[in-house]
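*Asks:* Sharing a structure, written as structure tokens. Questions coming.
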Amino acid sequence: MKLLSRYFLLSLALFAGLAQAQLVIDVEGGDIGATPIAIVPFATSPDIAFDVAQIVDADLVRTGLFRSIPRADMLEKPSEPTKVDYRNWRAVGMDNLVIGSVRRSGQNIVVRFFLMDATRGVQLLGFDMPAVTPDQMRVVSHQIADLIYEKLTGNKGYFNTQIAYVTASGFGPGRRFELVVADADGYNPRSIATSREPLLSPAWSPDGKKLAFVGYERGRSSIYVNTLATGELKKLVSEKGINGAPAWSPDGSKMIVTLSFETNPDLYLIDLASGARRRLTEHYGIDTEAAISPDGLQVAFTSDRGGTPQIYLMSINGGEPRRLTFQGKQNLRPRYAPDGKSLVVVNAEGGKYTIASVDLQSGATRVITDGPQDESPSFAPNGTVVIYATAGRSNPELATVTTDGRVRQRLRQPGEVSQPAWGPVTR
Amino acid sequence: MKNNLALAAILAAAFTVSACGSKGLKELPPPPGSDTFDSGVSGSGLGGAGVGAGTGVGGSSIIAGGSAGYDLTAKTVYFAYDSAEIDTAGQGVITNFSRYLSATAGAKLRLEGHTDERGSAEYNVALAERRAQTVAREMKAAGVTDGQLSIVSYGKERPAAPGSTEEAYAKNRRVEIVQP
């Protein structure tokens, strides 16, 4: 890989600043059996103008697994367990209660919180969380939401994660593309690259430190790897034809990409340390959109070798692929669930493109969204939620859905938003 | 956020440092995309080669200049859904450009493949490349040489028509013949 000169950066500009717009999130519906939880505003001193409870509340409610009550309906606002009168919470139907405080301790800020079981009147969690600077208050707030979520659901939280996505606006010569990384709640969007040509297929390294993506330079595509902390941009591969669909191995040492320079789109395995490259498929049909299983042994990919694009499975060492999907006119762009037992794919049937979950053993396909134009599914790190691109009221936007299909939210901003990729848990 | 400020500082540093490390590349003209015949905007003339100075050929030179006697007004070949097959109208466009290119040894063109917005991004990139390659194959069969054609596939990322209607889709499933 070679370091790019600044002249490249002129056409595919790197920005350090904030992206121009931020995603706004709407929750649609919710689980009928959502757990009631009250998140009381944290006691704080006037010089710390930060609302921890509001962020924790928003994180938990967005999962659809929890419902909270408005602050106006709270009969008391305690900040210590000894001050809680549980009758006040049972009276408004709350099973769980979160209270806490934010105070200065020397140079630091300490956020203290408690999760209380209101029905039994016992403490479930109690933590002091140090925040070195006010800027880290959001991180600490998400950590609190993670702890509560894990305690009450048994699953790992995913609130301190990031998503990458591509925005596009304009038509013809005026069209502009931007690759953005933002917190999973849409906050703090940063522009990673902008270009007058398409930006595609952002893919997080397993450690969350790098982002691979596809860009074009004067009509030639390349796969780039951006090191997020330093902004260093390396060109991984730029053959004639397609350079696309980067997929990391779980240990971050290899990548499968789609190249078409030899004949037509086929899959290639690249060892990132040595640059050694091995062709995995050789077929006159299209082979693309690879994903590597969490155990690193299997590859799922899109191929139209059977006439229509469907999902095929193959060993990481290549060999004869086996067709997995038979339900649906087309099945495209697989991504493995973190437990390795299922895939999410784009499923096309009756002119509608939806997101479907496919069981890796049986191939059974279960549609979990309504379409008509859904694509680019990507699992949250704990596997309970999938983010995807969908047709919005006026433009493409992002949405999430729980893997049971019951709870959804929309993430929109001006312009077209597409190709979401959910990053790993890193902090 | 503090992390952001740190990132900003490092990025700025990286930008400055890399400015010293150019490997003999000339400053790049704007990227293509605005280089269609209709735009009137001067293109980069770099094609897919990746190195070299822009030639600054005028965007409308083919129509205005050495194309006398060739009908090159229709510059787009359209396709059916999930198909790379060329219909009669498309064959006409290809024939016209093939005649022009065969008779004009120095002329070079780029075939830009596109799809409608339905389906996944990378499969559409592959499908759009297949369309552009089909056009290239037809042109070569008619006497156009390899060196006269380059191909780029944009998939569904650069629609010609907005909206999610069948009419828009039909306009977006296309190969555009443009000056590189």
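Please note that chains go A, B, ... in the order of the structure tokens, that every chain numbers its residues from 1, and that ligands are numbered from 1 in the order shown.
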For Asp128 of chain A, work out the shell of residues within 9 Å, counting only C-alpha atoms and skipping chain neighbours fewer than 3 positions away, then give it as a PDB file with C-alpha atoms, in the first residue's frame.

*Replies:*
```pdb
ATOM      1  CA  VAL A 110     -17.806  12.029  38.549  1.00  0.00           C
ATOM      2  CA  VAL A 111     -21.115  10.653  37.390  1.00  0.00           C
ATOM      3  CA  ARG A 112     -22.763   8.409  39.976  1.00  0.00           C
ATOM      4  CA  PHE A 113     -25.755   6.323  39.058  1.00  0.00           C
TER       5      PHE A 113
END
```

*Asks:* Quick one: residues within 9 Å of Phe326 of chain A, only C-alpha atoms counted, chain neighbours fewer than 5 positions away excluded, as a PyMOL selection string?

*Replies:* chain A and resi 310-311+331+363-365

*Asks:* Extract, using only C-alpha atoms, all DNA, RNA and protein residues at most 7 Å from Ala389 of chain A, discarding same-chain residues fewer than 3 positions from it, and format them as a VMD selection string.

*Replies:* chain A and resid 374 to 376 396 to 399 418 to 420

*Asks:* Counting only C-alpha atoms, which residues of chain A sit at most 7 Å from some atom of chain B, and what is each one's closest atom pair with its distance in Å to one decimal, listed by chain and rising residue number, as JSON lines?

*Replies:*
```
{"residue": "A:Ser5", "atom": "CA", "partner": "B:Ser22", "partner_atom": "CA", "distance": 4.8}
{"residue": "A:Arg6", "atom": "CA", "partner": "B:Ala19", "partner_atom": "CA", "distance": 5.0}
{"residue": "A:Tyr7", "atom": "CA", "partner": "B:Glu27", "partner_atom": "CA", "distance": 5.8}
{"residue": "A:Ser11", "atom": "CA", "partner": "B:Pro31", "partner_atom": "CA", "distance": 6.5}
{"residue": "A:Ala16", "atom": "CA", "partner": "B:Ala8", "partner_atom": "CA", "distance": 4.6}
{"residue": "A:Gly17", "atom": "CA", "partner": "B:Ala8", "partner_atom": "CA", "distance": 6.5}
{"residue": "A:Asp135", "atom": "CA", "partner": "B:Met1", "partner_atom": "CA", "distance": 5.1}
{"residue": "A:Gly172", "atom": "CA", "partner": "B:Ala160", "partner_atom": "CA", "distance": 6.8}
{"residue": "A:Pro173", "atom": "CA", "partner": "B:Ser34", "partner_atom": "CA", "distance": 4.4}
{"residue": "A:Arg196", "atom": "CA", "partner": "B:Pro31", "partner_atom": "CA", "distance": 6.9}
{"residue": "A:Pro198", "atom": "CA", "partner": "B:Glu157", "partner_atom": "CA", "distance": 6.1}
{"residue": "A:Glu217", "atom": "CA", "partner": "B:Pro31", "partner_atom": "CA", "distance": 6.5}
{"residue": "A:Arg218", "atom": "CA", "partner": "B:Pro31", "partner_atom": "CA", "distance": 4.7}
{"residue": "A:Gly219", "atom": "CA", "partner": "B:Val152", "partner_atom": "CA", "distance": 6.0}
{"residue": "A:Arg220", "atom": "CA", "partner": "B:Gly48", "partner_atom": "CA", "distance": 5.6}
{"residue": "A:Ala229", "atom": "CA", "partner": "B:Leu7", "partner_atom": "CA", "distance": 5.9}
{"residue": "A:Thr230", "atom": "CA", "partner": "B:Ile10", "partner_atom": "CA", "distance": 5.5}
{"residue": "A:Gly231", "atom": "CA", "partner": "B:Leu11", "partner_atom": "CA", "distance": 5.1}
{"residue": "A:Glu232", "atom": "CA", "partner": "B:Ala14", "partner_atom": "CA", "distance": 6.9}
{"residue": "A:Gly241", "atom": "CA", "partner": "B:Val152", "partner_atom": "CA", "distance": 6.6}
{"residue": "A:Gly244", "atom": "CA", "partner": "B:Glu122", "partner_atom": "CA", "distance": 6.9}
{"residue": "A:Ala245", "atom": "CA", "partner": "B:Glu122", "partner_atom": "CA", "distance": 6.3}
{"residue": "A:Pro265", "atom": "CA", "partner": "B:Ala126", "partner_atom": "CA", "distance": 6.5}
{"residue": "A:Ile286", "atom": "CA", "partner": "B:Ala126", "partner_atom": "CA", "distance": 6.6}
{"residue": "A:Thr288", "atom": "CA", "partner": "B:Tyr123", "partner_atom": "CA", "distance": 6.5}
{"residue": "A:Glu289", "atom": "CA", "partner": "B:Glu122", "partner_atom": "CA", "distance": 6.4}
{"residue": "A:Leu332", "atom": "CA", "partner": "B:Ser120", "partner_atom": "CA", "distance": 6.5}
{"residue": "A:Arg333", "atom": "CA", "partner": "B:Ser120", "partner_atom": "CA", "distance": 6.5}
{"residue": "A:Tyr353", "atom": "CA", "partner": "B:Gly119", "partner_atom": "CA", "distance": 6.8}
{"residue": "A:Gln373", "atom": "CA", "partner": "B:Arg118", "partner_atom": "CA", "distance": 6.5}
{"residue": "A:Glu375", "atom": "CA", "partner": "B:Ser120", "partner_atom": "CA", "distance": 5.8}
{"residue": "A:Ser376", "atom": "CA", "partner": "B:Ser120", "partner_atom": "CA", "distance": 6.5}
```

*Asks:* Measuring between only C-alpha atoms, which one of A:Ile242, A:Ile99, A:Ile270, A:Ala131 shows the shortest distance to Ala128 of chain B?

*Replies:*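 Among the listed residues, the smallest separation from Ala128 of chain B belongs to A:Ile242.
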
*Asks:* Would you return as a ChimeraX atom specification the members of segment 125-300 of chain A that DSSP assigns to strand (DSSP E or B) on this structure's backbone?

*Replies:* /A:125-131,162-169,176-183,190-195,200-204,210-217,220-227,233-237,243-248,254-259,266-271,277-279,287-292,298-300

*Asks:* From the options B:Thr76, B:Asn172, B:Ser98, B:Thr115, which residue's atoms come nearest to Leu149 of chain B, counting only C-alpha atoms?

*Replies:* B:Ser98

*Asks:* Mind giving me the straight-line distance from atom CA of Arg138 of chain A to atom CA of Ile55 of chain A in Å, one decimal?

*Replies:* 7.5 Å

*Asks:* Applying 9 Å and only C-alpha atoms, which residues near Gly285 of chain A remain after dropping the ones on its own chain fewer than 4 positions away? List them as a PyMOL selection string.

*Replies:* chain A and resi 264-266+303-307

*Asks:* One decimal, in Å: what's the spacing between atom CA of Ala212 of chain A and atom CA of Arg335 of chain A?

*Replies:*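 Distance reported for this atom pair: 15.9 Å.
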
*Asks:* Find the residue from A:Asn188, A:Ser315, A:Gln143, A:Thr325 that sits nearest to Gln162 of chain A; use only C-alpha atoms when measuring.

*Replies:*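 The answer is A:Asn188, which sits nearest to Gln162 of chain A.
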
*Asks:* Please compute the atom CA of Gln409 of chain A-atom CA of Gly215 of chain A distance, one decimal, in Å.

*Replies:*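 Taking atom CA of Gln409 of chain A as the start and atom CA of Gly215 of chain A as the end point, the length is 29.1 Å.
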
*Asks:* Extract, using only C-alpha atoms, all DNA, RNA and protein residues at most 10 Å from segment 410-414 of chain A, discarding same-chain residues fewer than 5 positions from it, and format them as a list in words.

*Replies:*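 Final neighbour list, sorted by chain and number: Gln20, Ala21, Gln22, Leu23, Val24, Ile25, Asp26, Val27, Glu28, Thr167, Ala168, Ser169, Asp185, Gly186, Ile387, Tyr388, Ala389, Thr390, Gly392, Arg393, Ser394, Asn395, Pro396, Glu397, Leu398, Ala399, Thr400 and Val401 of chain A.
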
*Asks:* Okay, now the selection with N, CA and C atoms, as a short mmCIF file (atom, residue, chain, number, x, y, z; two decimals), in the first residue's frame?

*Replies:*
```
data_model
loop_
_atom_site.label_atom_id
_atom_site.label_comp_id
_atom_site.auth_asym_id
_atom_site.auth_seq_id
_atom_site.Cartn_x
_atom_site.Cartn_y
_atom_site.Cartn_z
N GLN A 20 -21.73 18.39 7.42
CA GLN A 20 -22.63 19.53 7.33
C GLN A 20 -23.96 19.32 8.04
N ALA A 21 -24.40 18.09 8.07
CA ALA A 21 -25.71 17.85 8.67
C ALA A 21 -25.62 16.66 9.61
N GLN A 22 -26.60 16.56 10.49
CA GLN A 22 -26.62 15.48 11.46
C GLN A 22 -27.90 14.68 11.28
N LEU A 23 -27.79 13.38 11.49
CA LEU A 23 -28.96 12.52 11.39
C LEU A 23 -29.93 12.83 12.52
N VAL A 24 -31.20 12.88 12.19
CA VAL A 24 -32.25 13.05 13.19
C VAL A 24 -33.00 11.73 13.28
N ILE A 25 -33.21 11.25 14.50
CA ILE A 25 -33.76 9.91 14.69
C ILE A 25 -35.21 9.96 15.17
N ASP A 26 -36.08 9.21 14.50
CA ASP A 26 -37.46 9.01 14.96
C ASP A 26 -37.65 7.53 15.29
N VAL A 27 -38.22 7.25 16.44
CA VAL A 27 -38.57 5.87 16.76
C VAL A 27 -39.98 5.60 16.23
N GLU A 28 -40.14 4.48 15.54
CA GLU A 28 -41.46 4.11 15.01
C GLU A 28 -41.97 2.90 15.75
N THR A 167 -23.42 10.11 2.18
CA THR A 167 -24.49 11.02 1.75
C THR A 167 -24.20 11.46 0.32
N ALA A 168 -25.26 11.72 -0.42
CA ALA A 168 -25.12 12.23 -1.79
C ALA A 168 -26.17 13.29 -2.01
N SER A 169 -25.83 14.29 -2.80
CA SER A 169 -26.81 15.31 -3.14
C SER A 169 -26.50 15.85 -4.52
N ASP A 185 -26.05 7.40 17.83
CA ASP A 185 -27.27 8.18 18.03
C ASP A 185 -27.31 9.39 17.08
N GLY A 186 -26.45 9.37 16.05
CA GLY A 186 -26.46 10.43 15.04
C GLY A 186 -25.64 11.64 15.42
N ILE A 387 -29.12 -2.04 10.98
CA ILE A 387 -29.30 -0.74 10.32
C ILE A 387 -29.28 -0.99 8.81
N TYR A 388 -30.08 -0.21 8.07
CA TYR A 388 -30.13 -0.41 6.62
C TYR A 388 -30.55 0.89 5.95
N ALA A 389 -30.42 0.94 4.64
CA ALA A 389 -30.84 2.10 3.87
C ALA A 389 -32.23 1.83 3.32
N THR A 390 -33.06 2.86 3.24
CA THR A 390 -34.44 2.69 2.82
C THR A 390 -34.93 3.94 2.10
N GLY A 392 -36.94 7.12 1.76
CA GLY A 392 -37.60 8.01 2.70
C GLY A 392 -38.76 8.72 2.04
N ARG A 393 -39.30 9.71 2.75
CA ARG A 393 -40.42 10.46 2.19
C ARG A 393 -40.02 11.16 0.90
N SER A 394 -38.81 11.75 0.89
CA SER A 394 -38.37 12.42 -0.32
C SER A 394 -37.02 11.91 -0.81
N ASN A 395 -36.23 11.35 0.08
CA ASN A 395 -34.89 10.89 -0.26
C ASN A 395 -34.58 9.59 0.46
N PRO A 396 -33.60 8.85 -0.06
CA PRO A 396 -33.14 7.69 0.71
C PRO A 396 -32.64 8.10 2.09
N GLU A 397 -32.97 7.31 3.10
CA GLU A 397 -32.53 7.58 4.46
C GLU A 397 -32.18 6.26 5.13
N LEU A 398 -31.77 6.32 6.39
CA LEU A 398 -31.39 5.12 7.12
C LEU A 398 -32.51 4.71 8.06
N ALA A 399 -32.54 3.44 8.39
CA ALA A 399 -33.50 2.94 9.36
C ALA A 399 -32.85 1.82 10.13
N THR A 400 -33.38 1.54 11.31
CA THR A 400 -32.95 0.35 12.04
C THR A 400 -34.19 -0.49 12.34
N VAL A 401 -33.95 -1.77 12.49
CA VAL A 401 -35.03 -2.68 12.85
C VAL A 401 -34.45 -3.74 13.78
#
```

*Asks:* Fewer than 6 positions away in the same chain doesn't count, so skip those; otherwise give me all residues within 8 Å of segment 70-72 of chain B, counting only C-alpha atoms, as a list in words.

*Replies:*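 With the cut-off at 8 Å, the set is Ile63, Val93, Asn96, Phe97, Arg99 and Tyr100 of chain B.
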